[in-house]
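Text of my_file-v9.cif (mmCIF, C-alpha atoms) as supplied:
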```cif
data_model
loop_
_atom_site.label_atom_id
_atom_site.label_comp_id
_atom_site.auth_asym_id
_atom_site.auth_seq_id
_atom_site.Cartn_x
_atom_site.Cartn_y
_atom_site.Cartn_z
CA MET W 1 15.60 -52.23 9.89
CA THR W 2 12.42 -52.44 7.76
CA THR W 3 10.54 -49.63 6.16
CA ARG W 4 7.66 -50.10 8.61
CA THR W 5 9.99 -49.75 11.58
CA VAL W 6 11.53 -46.59 10.11
CA LEU W 7 8.05 -45.13 9.59
CA VAL W 8 6.99 -45.94 13.17
CA VAL W 9 10.12 -44.35 14.62
CA ALA W 10 9.65 -41.25 12.46
CA VAL W 11 6.01 -40.86 13.53
CA ALA W 12 6.99 -41.26 17.18
CA VAL W 13 9.66 -38.57 16.86
CA VAL W 14 7.21 -36.21 15.17
CA VAL W 15 4.54 -36.72 17.83
CA ALA W 16 7.03 -36.10 20.62
CA ALA W 17 8.44 -33.01 18.91
CA GLY W 18 4.93 -31.67 18.28
CA LEU W 19 3.90 -32.10 21.91
CA LEU W 20 7.10 -30.46 23.13
CA ALA W 21 6.66 -27.52 20.74
CA GLY W 22 3.07 -27.06 21.89
CA VAL W 23 4.10 -26.96 25.54
CA LEU W 24 6.91 -24.48 24.89
CA VAL W 25 4.67 -22.19 22.83
CA GLN W 26 1.93 -22.24 25.46
CA ARG W 27 4.43 -21.32 28.17
CA ARG W 28 5.99 -18.50 26.19
CA ALA W 29 2.61 -17.20 25.02
CA GLY W 30 1.22 -17.47 28.52
CA GLY W 31 3.28 -14.48 29.58
CA ARG W 32 1.47 -12.39 26.93
CA ARG W 33 4.73 -10.82 25.83
CA TYR W 34 4.98 -12.85 22.62
CA ARG W 35 1.37 -14.02 22.38
CA TRP W 36 0.70 -11.74 19.38
CA LEU W 37 3.34 -13.66 17.36
CA LEU W 38 3.72 -17.15 18.86
CA ALA W 39 0.05 -18.06 19.14
CA PRO W 40 -0.97 -17.39 15.51
CA LEU W 41 2.36 -18.75 14.25
CA TYR W 42 1.85 -22.01 16.13
CA ARG W 43 -1.76 -22.42 14.95
CA ALA W 44 -0.98 -21.70 11.31
CA SER W 45 2.28 -23.68 11.11
CA ARG W 46 1.24 -26.93 12.78
CA ARG W 47 0.49 -28.85 9.59
CA PRO W 48 3.56 -27.78 7.58
CA ALA W 49 5.74 -28.24 10.68
CA VAL W 50 4.43 -31.78 11.18
CA ALA W 51 5.14 -32.54 7.51
CA VAL W 52 8.69 -31.17 7.83
CA LEU W 53 9.42 -33.15 11.00
CA LEU W 54 7.99 -36.36 9.60
CA LEU W 55 9.88 -36.11 6.32
CA ALA W 56 13.08 -35.05 8.09
CA ALA W 57 12.84 -38.07 10.40
CA LEU W 58 12.26 -40.36 7.42
CA TYR W 59 15.23 -38.85 5.59
CA VAL W 60 17.54 -39.30 8.57
CA ALA W 61 16.35 -42.86 9.07
CA ILE W 62 16.82 -43.74 5.41
CA ARG W 63 20.32 -42.24 5.43
CA ALA W 64 21.18 -44.18 8.57
CA TYR W 65 19.75 -47.44 7.23
CA PRO W 66 20.27 -47.60 3.45
CA GLY W 67 18.42 -50.90 3.22
CA ALA W 68 15.21 -49.45 4.66
CA GLY W 69 13.77 -48.71 1.20
CA PRO W 70 14.52 -48.41 -2.53
CA PRO W 71 16.46 -45.39 -3.87
CA ILE W 72 13.33 -43.88 -5.38
CA VAL W 73 11.86 -43.55 -1.88
CA ARG W 74 14.82 -41.45 -0.75
CA ARG W 75 14.43 -39.12 -3.73
CA VAL W 76 10.70 -38.74 -3.15
CA VAL W 77 11.31 -37.99 0.51
CA VAL W 78 13.89 -35.33 -0.37
CA VAL W 79 11.53 -33.65 -2.84
CA LEU W 80 8.65 -33.69 -0.36
CA LEU W 81 10.95 -32.39 2.37
CA ILE W 82 11.99 -29.40 0.25
CA ALA W 83 8.36 -28.71 -0.65
CA SER W 84 7.22 -28.93 2.97
CA VAL W 85 10.02 -26.62 4.16
CA THR W 86 8.98 -24.12 1.49
CA TRP W 87 5.37 -24.44 2.64
CA LEU W 88 6.42 -23.80 6.23
CA VAL W 89 8.53 -20.75 5.35
CA LEU W 90 5.79 -19.21 3.20
CA ARG W 91 3.21 -19.76 5.92
CA ALA W 92 5.54 -18.25 8.52
CA LEU W 93 6.10 -15.18 6.33
CA GLN W 94 2.34 -14.68 5.95
CA ILE W 95 1.74 -15.00 9.68
CA ALA W 96 4.62 -12.63 10.44
CA GLU W 97 3.10 -10.07 8.06
CA ARG W 98 -0.34 -10.38 9.68
CA ALA W 99 1.14 -10.16 13.14
CA ALA W 100 3.12 -7.06 12.19
CA PHE W 101 -0.02 -5.42 10.79
CA SER W 102 -1.94 -6.30 13.95
CA ARG W 103 0.62 -4.38 16.02
CA LEU W 104 0.13 -1.24 13.94
CA PRO W 105 -2.64 1.27 14.72
CA GLY W 106 -5.82 0.70 12.78
CA GLU W 107 -6.06 4.26 11.49
CA THR W 108 -3.54 4.69 8.67
CA ARG W 109 -4.23 8.35 7.89
CA ALA W 110 -2.94 10.01 11.04
CA ASP W 111 0.51 8.46 11.42
CA ARG W 112 3.04 8.71 8.65
CA ARG W 113 5.24 6.05 10.24
CA THR W 114 2.34 3.61 10.25
CA ARG W 115 1.61 4.23 6.57
CA ARG W 116 5.28 3.79 5.77
CA ALA W 117 5.45 0.47 7.65
CA ARG W 118 2.36 -0.86 5.88
CA THR W 119 3.83 0.16 2.53
CA GLN W 120 7.16 -1.58 3.13
CA ILE W 121 6.17 -4.80 4.90
CA ARG W 122 3.95 -6.28 2.19
CA PRO W 123 6.31 -5.84 -0.81
CA VAL W 124 9.21 -7.28 1.22
CA ARG W 125 7.13 -10.32 2.19
CA ARG W 126 6.05 -10.90 -1.40
CA LEU W 127 9.57 -10.55 -2.78
CA THR W 128 10.87 -12.92 -0.10
CA SER W 129 8.15 -15.44 -0.98
CA VAL W 130 9.14 -15.30 -4.64
CA VAL W 131 12.81 -15.84 -3.78
CA VAL W 132 12.00 -18.78 -1.48
CA THR W 133 9.81 -20.38 -4.14
CA VAL W 134 12.47 -20.02 -6.85
CA VAL W 135 15.14 -21.49 -4.56
CA ALA W 136 12.86 -24.42 -3.71
CA ILE W 137 12.21 -25.14 -7.40
CA GLY W 138 15.95 -25.05 -8.07
CA LEU W 139 16.71 -27.42 -5.20
CA ILE W 140 14.04 -29.86 -6.35
CA LEU W 141 15.43 -29.87 -9.88
CA THR W 142 18.95 -30.57 -8.60
CA THR W 143 17.75 -33.82 -7.01
CA PHE W 144 17.26 -35.29 -10.48
CA PRO W 145 20.53 -35.97 -12.36
CA ALA W 146 19.00 -35.14 -15.75
CA LEU W 147 17.75 -31.77 -14.49
CA ARG W 148 20.66 -30.86 -12.23
CA THR W 149 22.08 -28.29 -14.67
CA ILE W 150 18.72 -26.57 -15.03
CA GLY W 151 18.33 -26.53 -11.26
CA LEU W 152 21.72 -24.89 -10.81
CA SER W 153 20.82 -22.33 -13.46
CA VAL W 154 17.64 -21.47 -11.57
CA LEU W 155 19.55 -21.14 -8.29
CA THR W 156 22.22 -18.88 -9.75
CA SER W 157 19.86 -16.93 -12.05
CA ALA W 158 22.20 -17.72 -14.95
CA GLY W 159 22.27 -19.90 -18.04
CA VAL W 160 19.54 -20.44 -20.58
CA VAL W 161 16.71 -20.60 -18.07
CA GLY W 162 17.77 -17.33 -16.43
CA ALA W 163 18.03 -15.61 -19.83
CA LEU W 164 14.61 -16.86 -20.90
CA LEU W 165 13.09 -15.77 -17.63
CA GLY W 166 14.71 -12.37 -17.91
CA LEU W 167 13.47 -11.85 -21.48
CA SER W 168 9.95 -13.17 -20.93
CA ALA W 169 9.44 -11.43 -17.59
CA ARG W 170 11.43 -8.26 -18.20
CA THR W 171 8.43 -5.99 -17.59
CA ALA W 172 7.30 -7.92 -14.53
CA LEU W 173 10.79 -7.90 -13.04
CA GLY W 174 11.13 -4.19 -13.75
CA ASN W 175 7.84 -3.52 -11.99
CA ALA W 176 8.91 -5.72 -9.08
CA PHE W 177 12.15 -3.80 -8.56
CA ALA W 178 10.24 -0.55 -9.01
CA GLY W 179 7.86 -1.72 -6.29
CA ILE W 180 10.76 -2.16 -3.89
CA GLN W 181 12.09 1.27 -4.90
CA VAL W 182 8.69 2.89 -4.33
CA ALA W 183 8.31 1.15 -0.97
CA PHE W 184 11.65 2.37 0.38
CA ALA W 185 12.07 5.69 -1.45
CA ASP W 186 9.71 7.27 1.12
CA GLY W 187 7.78 9.15 -1.55
CA LEU W 188 4.56 7.14 -1.49
CA HIS W 189 2.73 5.36 1.31
CA VAL W 190 -0.52 3.50 1.74
CA GLY W 191 -3.19 6.05 2.67
CA ASP W 192 -1.48 9.02 0.98
CA VAL W 193 -3.58 11.45 -1.06
CA ILE W 194 -1.94 11.91 -4.46
CA VAL W 195 -2.67 13.59 -7.78
CA VAL W 196 -1.97 11.28 -10.72
CA ASP W 197 -2.42 12.45 -14.30
CA GLY W 198 -4.70 15.29 -13.20
CA GLN W 199 -6.89 13.14 -10.93
CA TRP W 200 -6.62 12.93 -7.15
CA GLY W 201 -7.21 9.87 -5.03
CA ARG W 202 -6.00 7.87 -2.06
CA VAL W 203 -3.42 5.07 -2.28
CA GLU W 204 -5.22 1.83 -1.42
CA GLU W 205 -2.40 -0.67 -1.90
CA VAL W 206 1.23 -0.76 -3.01
CA LYS W 207 2.16 -4.08 -4.61
CA LEU W 208 5.36 -5.28 -6.21
CA THR W 209 4.06 -4.75 -9.73
CA ASN W 210 1.32 -2.12 -9.42
CA VAL W 211 -0.18 0.58 -7.22
CA VAL W 212 -3.93 0.77 -6.61
CA VAL W 213 -5.37 4.29 -6.22
CA ARG W 214 -8.98 4.94 -5.22
CA LEU W 215 -10.05 8.07 -7.08
CA TRP W 216 -12.37 10.72 -5.65
CA ASP W 217 -15.38 9.13 -7.40
CA ASP W 218 -14.56 5.64 -5.99
CA ARG W 219 -13.06 4.39 -9.25
CA MET W 220 -9.95 2.23 -8.89
CA LEU W 221 -6.92 3.40 -10.87
CA ILE W 222 -4.29 0.65 -11.19
CA LEU W 223 -0.89 1.81 -12.40
CA PRO W 224 2.39 -0.12 -12.80
CA THR W 225 4.93 0.78 -10.16
CA THR W 226 7.34 1.90 -12.88
CA TRP W 227 4.96 4.80 -13.56
CA PHE W 228 5.79 6.31 -10.17
CA THR W 229 9.53 6.00 -10.79
CA GLU W 230 9.39 7.51 -14.28
CA HIS W 231 6.71 10.23 -13.96
CA PRO W 232 6.19 13.10 -11.50
CA PHE W 233 3.15 13.04 -9.23
CA GLN W 234 1.80 15.16 -6.39
CA ASN W 235 1.68 13.79 -2.84
CA TRP W 236 -0.53 15.97 -0.67
CA THR W 237 0.05 14.00 2.53
CA ARG W 238 3.70 12.98 2.42
CA HIS W 239 4.49 14.61 5.76
CA GLU W 240 0.99 15.16 7.19
CA THR W 241 -2.60 14.41 6.26
CA ARG W 242 -3.77 18.05 6.29
CA VAL W 243 -4.56 19.37 2.81
CA VAL W 244 -5.04 22.98 1.69
CA GLY W 245 -7.67 23.21 -1.05
CA GLU W 246 -8.11 26.15 -3.38
CA THR W 247 -11.15 27.55 -5.20
CA ARG W 248 -10.97 30.17 -7.97
CA LEU W 249 -13.75 32.51 -9.13
CA HIS W 250 -13.93 35.13 -11.86
CA VAL W 251 -15.73 38.31 -10.74
CA ASP W 252 -16.24 41.76 -12.17
CA TYR W 253 -13.80 44.61 -11.50
CA THR W 254 -16.45 46.38 -9.41
CA ALA W 255 -16.63 43.54 -6.85
CA ASP W 256 -15.86 44.51 -3.26
CA LEU W 257 -13.23 42.04 -2.07
CA ASP W 258 -13.72 42.95 1.59
CA ASP W 259 -17.39 42.00 1.26
CA LEU W 260 -16.46 38.73 -0.45
CA ARG W 261 -13.82 38.08 2.20
CA ALA W 262 -16.38 38.50 4.98
CA GLU W 263 -18.82 36.09 3.26
CA THR W 264 -16.01 33.60 2.66
CA ARG W 265 -15.07 33.73 6.31
CA ARG W 266 -18.68 33.03 7.29
CA LEU W 267 -18.86 30.06 4.91
CA VAL W 268 -15.53 28.56 5.98
CA GLU W 269 -16.07 28.95 9.72
CA ALA W 270 -19.58 27.48 9.47
CA SER W 271 -18.31 24.37 7.67
CA PRO W 272 -17.49 21.28 9.81
CA LEU W 273 -14.95 20.29 7.15
CA TRP W 274 -12.59 23.17 7.99
CA ASP W 275 -9.88 22.09 10.44
CA ARG W 276 -9.64 25.57 12.03
CA HIS W 277 -6.08 25.95 10.79
CA GLN W 278 -5.99 28.47 7.94
CA TRP W 279 -7.99 30.19 5.21
CA VAL W 280 -7.37 33.16 2.94
CA LEU W 281 -9.00 35.04 0.04
CA GLN W 282 -6.70 36.76 -2.45
CA MET W 283 -6.83 38.33 -5.90
CA VAL W 284 -4.37 36.19 -7.85
CA ASP W 285 -4.92 37.30 -11.45
CA ALA W 286 -6.70 39.76 -13.73
CA THR W 287 -8.03 39.44 -17.27
CA PRO W 288 -9.37 42.15 -19.58
CA GLN W 289 -12.93 41.34 -18.43
CA THR W 290 -12.61 39.94 -14.86
CA VAL W 291 -10.40 39.58 -11.81
CA VAL W 292 -9.56 36.14 -10.46
CA VAL W 293 -10.22 35.54 -6.77
CA GLN W 294 -8.69 32.52 -5.04
CA VAL W 295 -9.87 31.04 -1.74
CA GLN W 296 -7.57 28.67 0.15
CA ALA W 297 -8.85 26.68 3.12
CA SER W 298 -7.32 23.74 4.98
CA ALA W 299 -9.01 20.45 5.86
CA ALA W 300 -8.04 17.31 7.74
CA ASP W 301 -7.52 15.18 4.61
CA GLY W 302 -7.95 15.08 0.85
CA PRO W 303 -11.64 14.10 0.64
CA SER W 304 -12.58 16.74 3.22
CA ALA W 305 -10.60 19.39 1.30
CA TRP W 306 -12.41 18.48 -1.92
CA ASP W 307 -15.85 18.75 -0.28
CA LEU W 308 -14.87 22.01 1.41
CA ARG W 309 -13.79 23.50 -1.93
CA CYS W 310 -17.11 22.52 -3.50
CA ASP W 311 -19.10 23.99 -0.59
CA VAL W 312 -17.18 27.28 -0.65
CA ARG W 313 -17.56 27.60 -4.44
CA GLU W 314 -21.28 26.86 -4.26
CA GLY W 315 -21.80 29.31 -1.38
CA LEU W 316 -19.93 32.18 -3.04
CA ILE W 317 -21.69 31.77 -6.38
CA GLY W 318 -25.04 31.70 -4.60
CA TYR W 319 -24.10 34.82 -2.64
CA LEU W 320 -23.10 36.69 -5.81
CA ARG W 321 -26.23 35.62 -7.65
CA ASP W 322 -28.65 36.55 -4.85
CA HIS W 323 -27.02 39.65 -3.35
CA HIS W 324 -24.59 41.13 -5.89
CA PRO W 325 -25.46 40.01 -9.43
CA GLU W 326 -23.64 43.09 -10.75
CA TRP W 327 -20.36 41.53 -9.56
CA LEU W 328 -20.76 38.54 -11.85
CA PRO W 329 -18.55 38.50 -14.97
CA ARG W 330 -19.93 40.64 -17.81
CA THR W 331 -18.76 41.98 -21.15
CA ARG W 332 -18.56 45.76 -21.62
CA GLY W 333 -18.66 47.74 -24.81
CA GLU W 334 -18.28 51.37 -25.74
CA TYR W 335 -20.60 53.22 -28.06
CA HIS W 336 -19.29 56.16 -30.04
CA PRO W 337 -22.02 58.06 -31.89
#
```
Mind converting the file's structure to structure tokens?
Amino acid sequence: MTTRTVLVVAVAVVVAAGLLAGVLVQRRAGGRRYRWLLAPLYRASRRPAVAVLLLAALYVAIRAYPGAGPPIVRRVVVVLLIASVTWLVLRALQIAERAAFSRLPGETRADRRTRRARTQIRPVRRLTSVVVTVVAIGLILTTFPALRTIGLSVLTSAGVVGALLGLSARTALGNAFAGIQVAFADGLHVGDVIVVDGQWGRVEEVKLTNVVVRLWDDRMLILPTTWFTEHPFQNWTRHETRVVGETRLHVDYTADLDDLRAETRRLVEASPLWDRHQWVLQMVDATPQTVVVQVQASAADGPSAWDLRCDVREGLIGYLRDHHPEWLPRTRGEYHP
């Protein structure tokens, strides 16, 4: 059998397999039960699937008819087959990730389970993609006799290549494993409000090697994932999105706390940022010159709690300045003639 005949047979097999796969996918997706997965998977995987089928048919034909082409053709076909299978697997992983995200609710703040799923799916997909790529490189290297040892070292993560990779990428590998630990330790999720190094923000993305935090002033703080496994941090929304914000004021000893409490209640209840859950005004400390008053009020999320704290602080200071300036902090002295 000639090379041309082998090629024609392979193309015919690929065309038939492609048509059959299209019919099966349309039937299964027609019931709408698996449309969310099968339809995008079929559209995105057609080209790599055609490449895999064509190269697989060529490989089988060449193995069945050794005289169909020179040995170099068989090696090239094997290398391209491994590359196309890797392409197909990576594309399938991406589509599966997108499909999984499409099944989750769009609002990530209200549901802790949704935030946890979004945090775990992406690092797992990326780690799987890295593993698939490394395995593919190792398999390709093993097809060449001169590079077979290196290929086996890559596949087993041992030998000189594994040692060099471990030394050169020690930090990256540490961050990658820390990313998996952060994703599954259930201490940090996408959408959580956290306090990092004295600054609060919302977790935008959890990657294998770093975590992106959008700070309250819209700056992006990018930290390595190892930071969250080696340092303590505050998570205001680990179990729920509601946040209790606090505001502290220094007032004079003569201040009437019941009067301040009534004004605070008016300010909090008039604010649309308050979630109607709780608020309180308490004296929490005293200094030689002033007493420290703390106001706690709850809000639906971190940004709302921050704005509510600012509004309450501004309102109370304005109230003291306009109605009771004698309650503002002042320094006393005694005169002895």
**Sel. within 12 Å of pt (-1.3, -3.6, -6.3), counting all atoms listed in the file, output as a list in words** =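 Residues with an atom at most 12 Å from (-1.3, -3.6, -6.3): Thr119, Arg122, Pro123, Arg126, Asn175, Ala176, Gly179, Ala183, Val190, Val203, Glu204, Glu205, Val206, Lys207, Leu208, Thr209, Asn210, Val211, Val212, Val213, Arg214, Met220, Leu221, Ile222, Leu223, Pro224 and Thr225 of chain W.
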For stretch 264-283 of chain W, I'd like the enclosing box, axis-aligned and padded by 8 Å on every side, reported as JSON with centre and edge lengths in Å to one decimal.
```
{"center_x": -12.8, "center_y": 29.3, "center_z": 3.1, "size_x": 29.6, "size_y": 34.0, "size_z": 33.9}
```
**Request:** Write out as a PyMOL selection string each polymer residue whose atoms come within 8 Å of W:Gly245, counting all atoms listed in the file; drop sequence neighbours fewer than 2 positions from it.
**Result:** chain W and resi 243+247+296-299+305-306+308-309
**Request:** Could you pull out every residue with an atom within 10 Å of (-12.8, 23.4, 8.5), file coordinates, counting only C-alpha atoms, and send them as JSON, numbers by chain?
**Result:** {"W": [267, 268, 269, 270, 271, 272, 273, 274, 275, 276, 277, 278, 279, 297, 298, 299, 300, 304, 305, 308]}
**Request:** Check which residues satisfy the PyMOL selection byres ((chain W and resi 293) around 9) in the file shown, then give them as a list of chain:residue names.
**Result:** W:Thr247, W:Arg248, W:Leu249, W:His250, W:Val251, W:Leu257, W:Leu281, W:Gln282, W:Met283, W:Val284, W:Asp285, W:Ala286, W:Val291, W:Val292, W:Gln294, W:Val295
With C-alpha atoms retained, export the selected residues as a PDB file, in the coordinates of the input.
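As a result, out.pdb now contains:
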```pdb
ATOM      1  CA  THR W 247     -11.150  27.550  -5.200  1.00  0.00           C
ATOM      2  CA  ARG W 248     -10.970  30.170  -7.970  1.00  0.00           C
ATOM      3  CA  LEU W 249     -13.750  32.510  -9.130  1.00  0.00           C
ATOM      4  CA  HIS W 250     -13.930  35.130 -11.860  1.00  0.00           C
ATOM      5  CA  VAL W 251     -15.730  38.310 -10.740  1.00  0.00           C
ATOM      6  CA  LEU W 257     -13.230  42.040  -2.070  1.00  0.00           C
ATOM      7  CA  LEU W 281      -9.000  35.040   0.040  1.00  0.00           C
ATOM      8  CA  GLN W 282      -6.700  36.760  -2.450  1.00  0.00           C
ATOM      9  CA  MET W 283      -6.830  38.330  -5.900  1.00  0.00           C
ATOM     10  CA  VAL W 284      -4.370  36.190  -7.850  1.00  0.00           C
ATOM     11  CA  ASP W 285      -4.920  37.300 -11.450  1.00  0.00           C
ATOM     12  CA  ALA W 286      -6.700  39.760 -13.730  1.00  0.00           C
ATOM     13  CA  VAL W 291     -10.400  39.580 -11.810  1.00  0.00           C
ATOM     14  CA  VAL W 292      -9.560  36.140 -10.460  1.00  0.00           C
ATOM     15  CA  GLN W 294      -8.690  32.520  -5.040  1.00  0.00           C
ATOM     16  CA  VAL W 295      -9.870  31.040  -1.740  1.00  0.00           C
TER      17      VAL W 295
END
```
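Across the structure, atom CA of W:Thr237 and atom CA of W:Gly302 are spaced 8.2 Å apart.
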**Request:** Give me the residues within 10 Å of W:Leu55 as an NGL selection string, counting all atoms listed in the file and dropping any in the same chain fewer than 2 places off.
**Result:** :W and (7 or 10-11 or 14 or 49-53 or 57-61 or 76-82 or 84-85)
**Item:** Selection result of the PyMOL selection byres ((chain W and resi 142) around 12) on this file, as a ChimeraX atom specification
**Value:** /W:75,78-79,82,135-141,143-155
**Item:** Counting all atoms listed in the file, the residue of W:Leu260, W:Leu316, W:Val124, W:Val73 that sits nearest W:Gln181
**Value:**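 For W:Gln181, the nearest of the candidates is W:Val124.
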Resolved residues for the PyMOL selection byres ((chain W and resi 236) around 8) as a compact mmCIF listing (two decimals) with C-alpha atoms, in the frame of the given file:
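So the final result, stored in out08.txt, reads:
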```txt
# COMPACT_ATOMS: atom_id res chain seq x y z
CA ASP W 192 -1.48 9.02 0.98
CA VAL W 193 -3.58 11.45 -1.06
CA ILE W 194 -1.94 11.91 -4.46
CA VAL W 195 -2.67 13.59 -7.78
CA GLN W 234 1.80 15.16 -6.39
CA ASN W 235 1.68 13.79 -2.84
CA THR W 237 0.05 14.00 2.53
CA ARG W 238 3.70 12.98 2.42
CA THR W 241 -2.60 14.41 6.26
CA ARG W 242 -3.77 18.05 6.29
CA VAL W 243 -4.56 19.37 2.81
CA GLY W 302 -7.95 15.08 0.85
```
**Item:** Given only C-alpha atoms as the counted atoms, nearest of W:Arg313, W:Arg46, W:His231, W:Arg219 to W:Thr264
**Value:** W:Arg313
**Asked** Which of these residues is nearest to W:Asp197, using all atoms listed in the file: W:Arg321, W:Arg98, W:Trp227, W:Val182?
**Response**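 Looking only at the distances to W:Asp197, the closest residue turns out to be W:Trp227.
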**Request:** Could you jot down the atom CA of W:Trp200 to atom CA of W:Trp216 separation for me, Å, one decimal place?
**Result:**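 So the answer is 6.3 Å.
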**Request:** Kindly indicate which residue among W:Arg202, W:Arg266, W:Ala255, W:Ile95 lies nearest to W:Asp311, using all atoms listed in the file for the distances.
**Result:**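 Of all the options, W:Arg266 lies closest to W:Asp311.
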